[in-house]
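A.B. asks: This is structure17.tsv, which holds TSV, C-alpha atoms:
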```tsv
chain	number	residue	atom	x	y	z
A	1015	MET	CA	0.00	0.00	0.00
A	1016	GLY	CA	2.85	2.41	0.82
A	1017	TYR	CA	4.38	1.82	-2.62
A	1018	VAL	CA	1.18	2.87	-4.40
A	1019	TRP	CA	0.84	5.97	-2.20
A	1020	GLN	CA	4.46	6.94	-2.88
A	1021	LYS	CA	4.03	6.52	-6.65
A	1022	ASN	CA	0.88	8.64	-6.51
A	1023	GLN	CA	2.74	11.39	-4.61
A	1024	ILE	CA	5.53	11.37	-7.20
A	1025	TYR	CA	2.95	11.65	-9.98
A	1026	GLU	CA	1.14	14.55	-8.25
A	1027	LEU	CA	4.40	16.41	-7.63
A	1028	GLY	CA	5.38	15.92	-11.27
A	1029	LYS	CA	2.06	17.43	-12.36
A	1030	LYS	CA	2.56	20.44	-10.07
A	1031	ILE	CA	6.09	20.98	-11.35
A	1032	HIS	CA	4.88	20.84	-14.95
A	1033	GLU	CA	2.04	23.32	-14.25
A	1034	ARG	CA	4.45	25.73	-12.60
A	1035	GLU	CA	6.93	25.46	-15.47
A	1036	LEU	CA	4.13	26.33	-17.89
A	1037	ARG	CA	3.12	29.28	-15.71
A	1038	LEU	CA	6.74	30.47	-15.56
A	1039	LYS	CA	7.03	30.29	-19.35
A	1040	SER	CA	3.76	32.21	-19.73
A	1041	LEU	CA	4.87	34.91	-17.30
A	1042	SER	CA	8.26	35.17	-18.98
A	1043	THR	CA	6.59	35.69	-22.37
A	1044	GLN	CA	4.24	38.28	-20.88
A	1045	ASN	CA	7.20	40.04	-19.26
A	1046	ASP	CA	9.01	40.23	-22.62
A	1047	LEU	CA	5.92	41.71	-24.29
A	1048	LEU	CA	5.52	44.32	-21.55
A	1049	ARG	CA	9.22	45.19	-21.79
A	1050	GLN	CA	8.82	45.79	-25.54
A	1051	GLN	CA	5.70	47.89	-24.93
A	1052	LEU	CA	7.53	50.02	-22.39
A	1053	ALA	CA	10.44	50.56	-24.78
A	1054	THR	CA	8.00	51.69	-27.47
A	1055	MET	CA	6.18	54.04	-25.11
A	1056	ARG	CA	9.47	55.70	-24.12
A	1057	LEU	CA	10.28	56.68	-27.72
A	1058	LYS	CA	10.25	60.41	-28.37
A	1059	GLY	CA	8.00	60.07	-31.41
A	1060	PHE	CA	5.43	58.05	-29.48
A	1061	LEU	CA	5.36	60.59	-26.67
A	1062	GLU	CA	4.98	63.52	-29.08
A	1063	LYS	CA	2.13	61.76	-30.89
A	1064	LYS	CA	0.40	61.00	-27.59
A	1065	ILE	CA	0.75	64.63	-26.49
A	1066	GLY	CA	-0.83	65.74	-29.77
A	1067	ASP	CA	-3.64	63.17	-29.54
A	1068	LEU	CA	-4.54	64.23	-26.02
A	1069	LYS	CA	-4.22	67.95	-26.87
A	1070	LEU	CA	-2.14	68.65	-23.78
A	1071	GLY	CA	-0.56	71.79	-25.22
A	1072	LEU	CA	2.93	70.70	-24.20
A	1073	GLY	CA	6.02	71.67	-26.13
A	1074	PRO	CA	9.74	72.09	-25.71
A	1075	PRO	CA	10.77	74.38	-22.85
A	1076	THR	CA	11.72	77.97	-23.54
A	1077	ALA	CA	15.20	79.22	-22.68
A	1078	SER	CA	13.87	80.94	-19.53
A	1079	GLN	CA	12.43	77.64	-18.28
A	1080	VAL	CA	15.76	75.80	-18.40
A	1081	TRP	CA	18.08	76.05	-15.43
A	1082	TYR	CA	21.71	75.08	-15.77
A	1083	LEU	CA	23.32	73.98	-12.53
A	1084	PRO	CA	27.07	74.20	-12.11
A	1085	GLU	CA	28.93	70.93	-11.88
A	1086	PRO	CA	30.45	70.41	-8.42
A	1087	PRO	CA	34.26	70.51	-8.38
A	1088	ARG	CA	36.02	67.19	-8.75
A	1089	ASP	CA	39.12	68.18	-6.80
A	1090	GLY	CA	39.85	67.14	-3.23
A	1091	SER	CA	38.10	70.10	-1.56
A	1092	ARG	CA	35.24	67.85	-0.46
A	1093	ALA	CA	37.56	65.31	1.09
A	1094	GLU	CA	39.34	68.10	3.00
A	1095	SER	CA	36.06	69.45	4.40
A	1096	GLU	CA	35.06	65.93	5.48
A	1097	GLN	CA	38.38	65.55	7.23
A	1098	GLN	CA	37.82	68.90	8.93
A	1099	TYR	CA	34.49	67.71	10.35
A	1100	ALA	CA	36.05	64.45	11.43
A	1101	ALA	CA	38.83	66.33	13.23
A	1102	GLN	CA	36.29	68.42	15.16
A	1103	GLY	CA	34.66	65.29	16.56
A	1104	ARG	CA	37.84	64.01	18.23
A	1105	ARG	CA	38.48	64.52	21.91
A	1106	PRO	CA	41.57	66.46	22.86
A	1107	GLU	CA	44.24	64.33	24.47
```
In structure tokens, what does this structure look like?

C.D. replies:
Amino acid sequence: MGYVWQKNQIYELGKKIHERELRLKSLSTQNDLLRQQLATMRLKGFLEKKIGDLKLGLGPPTASQVWYLPEPPRDGSRAESEQQYAAQGRRPE
């Protein structure tokens, strides 16, 4: 009797594994399709067409709407200031 039960358990587990493999394949295919859709929706032409279809009235920014921020210096001035703060935290000996 135990042999038959064990064989039945093996069969049931095999069925569950197969069902989950099919589900994984289905989800993987769906994921690929959604990834392609996202890539298409990020294209500049698609976005411009969508803006026109929805009549949002959006356009490129004017020169006064663009802010240019200076790039922080790449030299060691930041490391020196960090060392300065670290030195302040030490106890005098």

A.B. asks: Tell me, as an MDAnalysis selection string, which residues lie within 10 Å of Gly1073 of chain A, counting all atoms listed in the file; anything in the same chain fewer than 5 positions away does not count.

C.D. replies: chainID A and resid 1062 1065:1066

A.B. asks: Could you jot down the atom CA of Lys1063 of chain A to atom CA of Tyr1082 of chain A separation for me, Å, one decimal place?

C.D. replies: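 Result for atom CA of Lys1063 of chain A versus atom CA of Tyr1082 of chain A: 28.1 Å, one decimal.
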
A.B. asks: I'd like the interatomic distance between atom CA of Glu1035 of chain A and atom CA of Trp1019 of chain A, to a tenth of an Å.

C.D. replies: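 Going from atom CA of Glu1035 of chain A over to atom CA of Trp1019 of chain A covers 24.4 Å.
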
A.B. asks: Measure the distance from atom CA of Lys1058 of chain A to atom CA of Leu1072 of chain A in Å and round it to one decimal.

C.D. replies: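 Result for atom CA of Lys1058 of chain A versus atom CA of Leu1072 of chain A: 13.3 Å, one decimal.
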
A.B. asks: Given 4 Å of margin on each side, can you work out the centre and size in Å (one decimal) of an axis-aligned box holding every listed atom of segment 1037-1040 of chain A, as JSON?

C.D. replies:
```
{"center_x": 5.1, "center_y": 30.7, "center_z": -17.6, "size_x": 11.9, "size_y": 10.9, "size_z": 12.2}
```
